[in-house]
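Asks: For reference, the structure I am asking about is given below.
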Number of protein chains: 2
Amino acid sequence: MQVAILGAGAWGTALALHCRRAGLAVRLWGHPPAQTLALQRDRENPLLSGFQLPAEIAVHSELEPALRGAELVLVVVPSHVLRELLQRAKPYWPTSCPIVSATKGIEDDSLMLMDEVIEDVLGAACRERTLVLSGPSFAREVAASLPTNLVLAAQHAPLAEQLQKVLATDRLRVYASADVKGVQVAGALKNVIAIAVGAADGLGLGHNARAGLITRGLNEIGRLAQAKGGDPHTVSGLAGLGDLVLTCTGDLSRNRTVGFELGRGAQLQDVLAQLGHVAEGVLTAKSAHALAQRLQVELPICEQVYQVLFHAKPPAQAVRDLLQRPLRRE
Amino acid sequence: MQVAILGAGAWGTALALHCRRAGLAVRLWGHPPAQTLALQRDRENPLLSGFQLPAEIAVHSELEPALRGAELVLVVVPSHVLRELLQRAKPYWPTSCPIVSATKGIEDDSLMLMDEVIEDVLGAACRERTLVLSGPSFAREVAASLPTNLVLAAQHAPLAEQLQKVLATDRLRVYASADVKGVQVAGALKNVIAIAVGAADGLGLGHNARAGLITRGLNEIGRLAQAKGGDPHTVSGLAGLGDLVLTCTGDLSRNRTVGFELGRGAQLQDVLAQLGHVAEGVLTAKSAHALAQRLQVELPICEQVYQVLFHAKPPAQAVRDLLQRPLRRE
């Protein structure tokens with residue numbers, strides 16, 4: 001089977017290595033062209049150093065040859081560039097080809113999830129061919145063939161079960177799901193909760209507070225997932241709990257770093273300048289805030305993260321406000 | 001309100017400090033007498049060093065004066081000594097006094113949860129006065145007044161809500177629950193999953209595998225909780241997910257250490273000899289295995305931990321067997 005992977009960041013590159021191991025013919029498309037040509041030449045991605053791309057993986061800087069005759073497309077780009085990518089790719093899109101989104105986020109302004117952006121650009125007919133791939137997965141560990149469990153969700157259940165078999169290996173297990181919405185809400189919001197957890201760590205609040213934030217954070221992820229028509233069980237699974245735990249307790253992710261530095265008293269603009277690129281959770285804090293208002297869902301932790309990021313609320317005050325909410329039943 | 005705390009380990013001592021801060025009159029009973037007399041004299045517990053007991057906390061090595069006139073009793077002893085403690089305390093037990101179990105485990109042989117042991121010893125009449133306290137809580141952090149969230153569960157809901165107000169402070173929030181069984185199953189089994197997570201870490205399997213184990217582990221905790229009549233939502237809360245995340249990702253707990261050393265190739269007897277005392281999760285792996293068989297519930301991770309601990313199965317083989325289970329829907 002011929003698979004096109006659009007997006008040659010760390011995760012796209014790791015998925016390319018994995019798909020090759022799963023026996024697929026792989027084309028990897030990247031942007032900008034200069035970086036992609038360097039990847040073509042060096043066969044190693046500086047974002048995923050130490051892993052050589054085998055010669056069988058074709059690297060492309062043009063969309064047309066990458067997509068020609070593809071039987072499966074994976075999109076693995078940052079959420080804020082997905083729409084533009086799909087618009088550019090549309091003329092070359094292979095007819096009736098399944099599309100798997102490994103992109104996590106909520107689009108600014110439109111407040112669409114990634115499957116909704118895909119449908120908006122490529123048309124309603126592709127809804128039943130759209131899947132989302134998520135779950136706890138550091139790219140480096142997938143590249144290193146360490147054991148990993150992912151979720152593959154599709155509205156059209158037989159498609160998820162068919163591609164589950166195509167994508168799974170002994171080391172990377174794929175669980176099928178029918179909950180496209182829940183998997184995506186969980187994948188997007190975990191980055192916001194990770195900022196809150198980072199801030200708590202930066203404030204020196206300890207492990208109990210961190211575990212409490214993760215737990216209550218999952219609870220509010222579940223509320224937004226349900227409001228989007230998702231299944232409440234999804235958040236207890238790999239795409240919810242699993243990915244949240246990884247992002248909040250694994251190595252310091254970009255999102256946790258933002259929170260950590262803010263908790264230690266740094267200013268947001270300095271933190272972001274030092275990172276050199278925006279952390280996905282900062283964008284999602286804004287779009288999740290707007291989406292929660294539109295759907296009238298209460299997200300206390302996300303709300304405080306939003307206030308800290310966009311209204312300069314002191315993190316210590318945000319924590320105090322969370323702790324002073326009335327006691328209730330769990 | 002006069003509260004008697006039975007058990008002066010790290011957690012019992014931290015709860016004594018907390019109850020005093022919540023404005024309660026506190027008596028702390030400990031065993032053996034020599035250690036308790038040292039605590040009386042030094043006002044500092046070597047198991048929780050750095051925290052001075054205020055003079056208002058009375059320390060007792062005898063049960064009768066500790067229990068006389070108590071209006072609330074907390075039991076905070078290892079699960080395998082709870083029955084014996086209650087038998088000794090029964091003659092002095094204050095009439096119609098609520099009892100809160102902060103003990104986590106499943107009794108060997110009888111396979112009873114702690115509320116069942118309490119009822120078995122003190123009589124059926126105390127069932128509606130029995131509560132369980134659980135949630136992510138390192139004793140040192142509670143002693144240091146760092147923010148902590150706990151769950152207090154009672155079959156008799158108004159009692160949980162009444163004592164929620166008695167026990168909560170600004171820093172230690174208490175959520176009420178009606179799920180006595182679910183809270184206890186989660187508190188017991190998290191120690192078994194922590195052994196599995198430790199073993200995976202010892203084998204060098206990485207963060208993705210750890211997040212996967214935590215997620216699938218919570219899933220099987222939920223199955224046993226349901227089989228015991230618990231609410232499936234409980235495991236997504238503080239007593240389930242929260243405590244599991246803390247135990248599996250916080251500082252190296254005794255249970256994780258056992259797993260970690262086994263994963264690195266050590267022999268169980270050497271690991272336990274070095275710890276100097278049994279890790280609660282080792283006992284629970286055995287009783288959970290028996291309970292799962294009795295209730296006909298499948299617990300794949302607990303089963304592998306049991307095989308590694310009690311049938312010398314190599315940890316690497318246990319992991320391979322987990323990874324080779326058939327793919328399924330989540």
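By convention in this document, the chains of the structure tokens carry letters A, B, ... by their order, each chain's residues are numbered from 1, and ligands are numbered from 1 in the order they are shown.
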If you take only C-alpha atoms and a cut-off of 8 Å, which residues of chain B touch chain A, and what are their nearest atom pairs and distances in Å to one decimal, in chain and number order, as CSV?

Replies:
residue,atom,partner,partner_atom,distance
B:Pro136,CA,A:Asn208,CA,5.5
B:Ser137,CA,A:Asn208,CA,5.3
B:Phe138,CA,A:Asn208,CA,6.4
B:Glu141,CA,A:Gly206,CA,6.8
B:Leu146,CA,A:Leu205,CA,5.9
B:Pro147,CA,A:Ala209,CA,5.4
B:Thr148,CA,A:Asn208,CA,5.3
B:Asn149,CA,A:Gly212,CA,6.0
B:Val151,CA,A:Glu330,CA,7.7
B:Asp170,CA,A:Leu323,CA,6.9
B:Arg171,CA,A:Leu323,CA,7.4
B:Arg173,CA,A:Leu327,CA,7.2
B:Val174,CA,A:Leu327,CA,7.0
B:Tyr175,CA,A:Arg329,CA,5.3
B:Ala176,CA,A:Arg329,CA,4.6
B:Ser177,CA,A:Arg329,CA,5.9
B:Leu205,CA,A:Leu146,CA,5.9
B:Gly206,CA,A:Leu146,CA,6.7
B:His207,CA,A:Gly250,CA,6.3
B:Asn208,CA,A:Ser137,CA,5.3
B:Ala209,CA,A:Pro147,CA,5.4
B:Ala211,CA,A:Gly242,CA,5.1
B:Gly212,CA,A:Gly242,CA,6.0
B:Ile214,CA,A:Gly242,CA,7.1
B:Thr215,CA,A:Gly242,CA,5.3
B:Arg216,CA,A:Gly237,CA,7.5
B:Asn219,CA,A:Gly237,CA,7.8
B:Ser236,CA,A:Ser236,CA,6.5
B:Gly237,CA,A:Thr215,CA,6.0
B:Leu238,CA,A:Thr215,CA,6.0
B:Leu241,CA,A:Thr215,CA,6.4
B:Gly242,CA,A:Ala211,CA,5.1
B:Asp243,CA,A:Ala211,CA,7.1
B:Val245,CA,A:Ala211,CA,6.2
B:Leu246,CA,A:Ala211,CA,5.7
B:Thr249,CA,A:Thr249,CA,6.7
B:Gly250,CA,A:His207,CA,6.3
B:Leu323,CA,A:Asp170,CA,6.9
B:Gln324,CA,A:Asp170,CA,7.0
B:Leu327,CA,A:Tyr175,CA,6.4
B:Arg328,CA,A:Tyr175,CA,5.7
B:Arg329,CA,A:Ala176,CA,4.6
B:Glu330,CA,A:Tyr175,CA,5.6

Asks: So that I can see what lies close to range 81-88 of chain B, please list as number ranges by chain the residues with an atom at most 12 Å from it, counting only C-alpha atoms and leaving out residues fewer than 6 positions away in the same chain.

Replies: B: 6-7, 29-32, 62-64, 67, 73-75, 99, 101-108, 110, 112-123, 280

Asks: What's the 7 Å shell around range 260-264 of chain A, counting only C-alpha atoms, without same-chain residues fewer than 6 positions away, as a PyMOL selection string?

Replies: chain A and resi 198-203+271+315

Asks: Rank nothing, just name the residue among B:Ala227, B:Ala143, B:Ala273, B:Ala154 nearest to Arg129 in chain B, using only C-alpha atoms.

Replies: B:Ala154

Asks: Quick one: residues within 12 Å of range 307-312 of chain A, only C-alpha atoms counted, chain neighbours fewer than 5 positions away excluded, as a PyMOL selection string?

Replies: chain A and resi 192+195-196+199+255+258-259+261-263+265-269+271-272+279+281-287+289+300-302+317-319+321

Asks: Give me the residues near range 34-48 of chain A as a PyMOL selection string, where near means some atom within 9 Å (using only C-alpha atoms) and where sequence neighbours in that chain fewer than 4 positions away do not count.

Replies: chain A and resi 8-11+13-14+29-30+52-55+58-61+139-140+143

Asks: What separation in Å, quoted to one decimal, exists between CA of Arg256 in chain B and CA of Ala194 in chain B?

Replies: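 Computing the Euclidean distance for CA of Arg256 in chain B and CA of Ala194 in chain B yields 5.1 Å.
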
Asks: From range 162-305 of chain B, collect each residue whose DSSP state is helix (DSSP H, G or I) and return the set as JSON, numbers by chain.

Replies: {"B": [162, 163, 164, 165, 166, 167, 180, 181, 182, 183, 184, 185, 186, 187, 188, 189, 190, 191, 192, 193, 194, 195, 196, 197, 198, 199, 200, 201, 202, 207, 208, 209, 210, 211, 212, 213, 214, 215, 216, 217, 218, 219, 220, 221, 222, 223, 224, 225, 226, 227, 234, 235, 236, 238, 239, 240, 241, 242, 243, 244, 245, 246, 247, 248, 249, 254, 255, 256, 257, 258, 259, 260, 261, 262, 263, 268, 269, 270, 271, 272, 273, 274, 275, 280, 281, 282, 283, 284, 285, 286, 287, 288, 289, 290, 291, 292, 293, 294, 295, 300, 301, 302, 303, 304, 305]}

Asks: Where in range 148-191 of chain A does DSSP assign strand (DSSP E), given as a ChimeraX atom specification?

Replies: /A:148-154,172-177

Asks: Let's have the selection written as a PDB file, in the first residue's frame, with N, CA and C atoms.

Replies:
ATOM      1  N   THR A 148       4.409   1.232  21.966  1.00  0.00           N
ATOM      2  CA  THR A 148       3.515   2.395  21.942  1.00  0.00           C
ATOM      3  C   THR A 148       2.103   1.924  21.605  1.00  0.00           C
ATOM      4  N   ASN A 149       1.114   2.572  22.207  1.00  0.00           N
ATOM      5  CA  ASN A 149      -0.293   2.258  21.944  1.00  0.00           C
ATOM      6  C   ASN A 149      -1.001   3.499  21.427  1.00  0.00           C
ATOM      7  N   LEU A 150      -1.630   3.387  20.270  1.00  0.00           N
ATOM      8  CA  LEU A 150      -2.348   4.523  19.692  1.00  0.00           C
ATOM      9  C   LEU A 150      -3.822   4.175  19.496  1.00  0.00           C
ATOM     10  N   VAL A 151      -4.598   5.219  19.262  1.00  0.00           N
ATOM     11  CA  VAL A 151      -6.011   5.052  18.933  1.00  0.00           C
ATOM     12  C   VAL A 151      -6.234   5.583  17.527  1.00  0.00           C
ATOM     13  N   LEU A 152      -7.001   4.822  16.736  1.00  0.00           N
ATOM     14  CA  LEU A 152      -7.371   5.252  15.391  1.00  0.00           C
ATOM     15  C   LEU A 152      -8.891   5.305  15.339  1.00  0.00           C
ATOM     16  N   ALA A 153      -9.422   6.516  15.168  1.00  0.00           N
ATOM     17  CA  ALA A 153     -10.880   6.674  15.229  1.00  0.00           C
ATOM     18  C   ALA A 153     -11.438   7.057  13.869  1.00  0.00           C
ATOM     19  N   ALA A 154     -12.589   6.481  13.557  1.00  0.00           N
ATOM     20  CA  ALA A 154     -13.304   6.826  12.329  1.00  0.00           C
ATOM     21  C   ALA A 154     -14.796   6.726  12.594  1.00  0.00           C
ATOM     22  N   LEU A 172       4.022  -1.184  17.866  1.00  0.00           N
ATOM     23  CA  LEU A 172       3.077  -0.076  17.888  1.00  0.00           C
ATOM     24  C   LEU A 172       1.680  -0.635  17.710  1.00  0.00           C
ATOM     25  N   ARG A 173       0.959  -0.750  18.812  1.00  0.00           N
ATOM     26  CA  ARG A 173      -0.374  -1.318  18.774  1.00  0.00           C
ATOM     27  C   ARG A 173      -1.384  -0.218  18.479  1.00  0.00           C
ATOM     28  N   VAL A 174      -2.393  -0.543  17.682  1.00  0.00           N
ATOM     29  CA  VAL A 174      -3.409   0.441  17.308  1.00  0.00           C
ATOM     30  C   VAL A 174      -4.773  -0.069  17.764  1.00  0.00           C
ATOM     31  N   TYR A 175      -5.438   0.728  18.585  1.00  0.00           N
ATOM     32  CA  TYR A 175      -6.795   0.396  19.018  1.00  0.00           C
ATOM     33  C   TYR A 175      -7.787   1.169  18.156  1.00  0.00           C
ATOM     34  N   ALA A 176      -8.832   0.516  17.725  1.00  0.00           N
ATOM     35  CA  ALA A 176      -9.851   1.179  16.915  1.00  0.00           C
ATOM     36  C   ALA A 176     -10.867   1.878  17.815  1.00  0.00           C
ATOM     37  N   SER A 177     -11.439   2.956  17.299  1.00  0.00           N
ATOM     38  CA  SER A 177     -12.446   3.716  18.030  1.00  0.00           C
ATOM     39  C   SER A 177     -13.416   4.322  17.037  1.00  0.00           C
TER      40      SER A 177
END

Asks: What is the distance, in Å and to one decimal place, between CA of Ala186 in chain B and CA of Ile221 in chain A?

Replies: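 According to the coordinates, CA of Ala186 in chain B and CA of Ile221 in chain A are separated by 21.4 Å.
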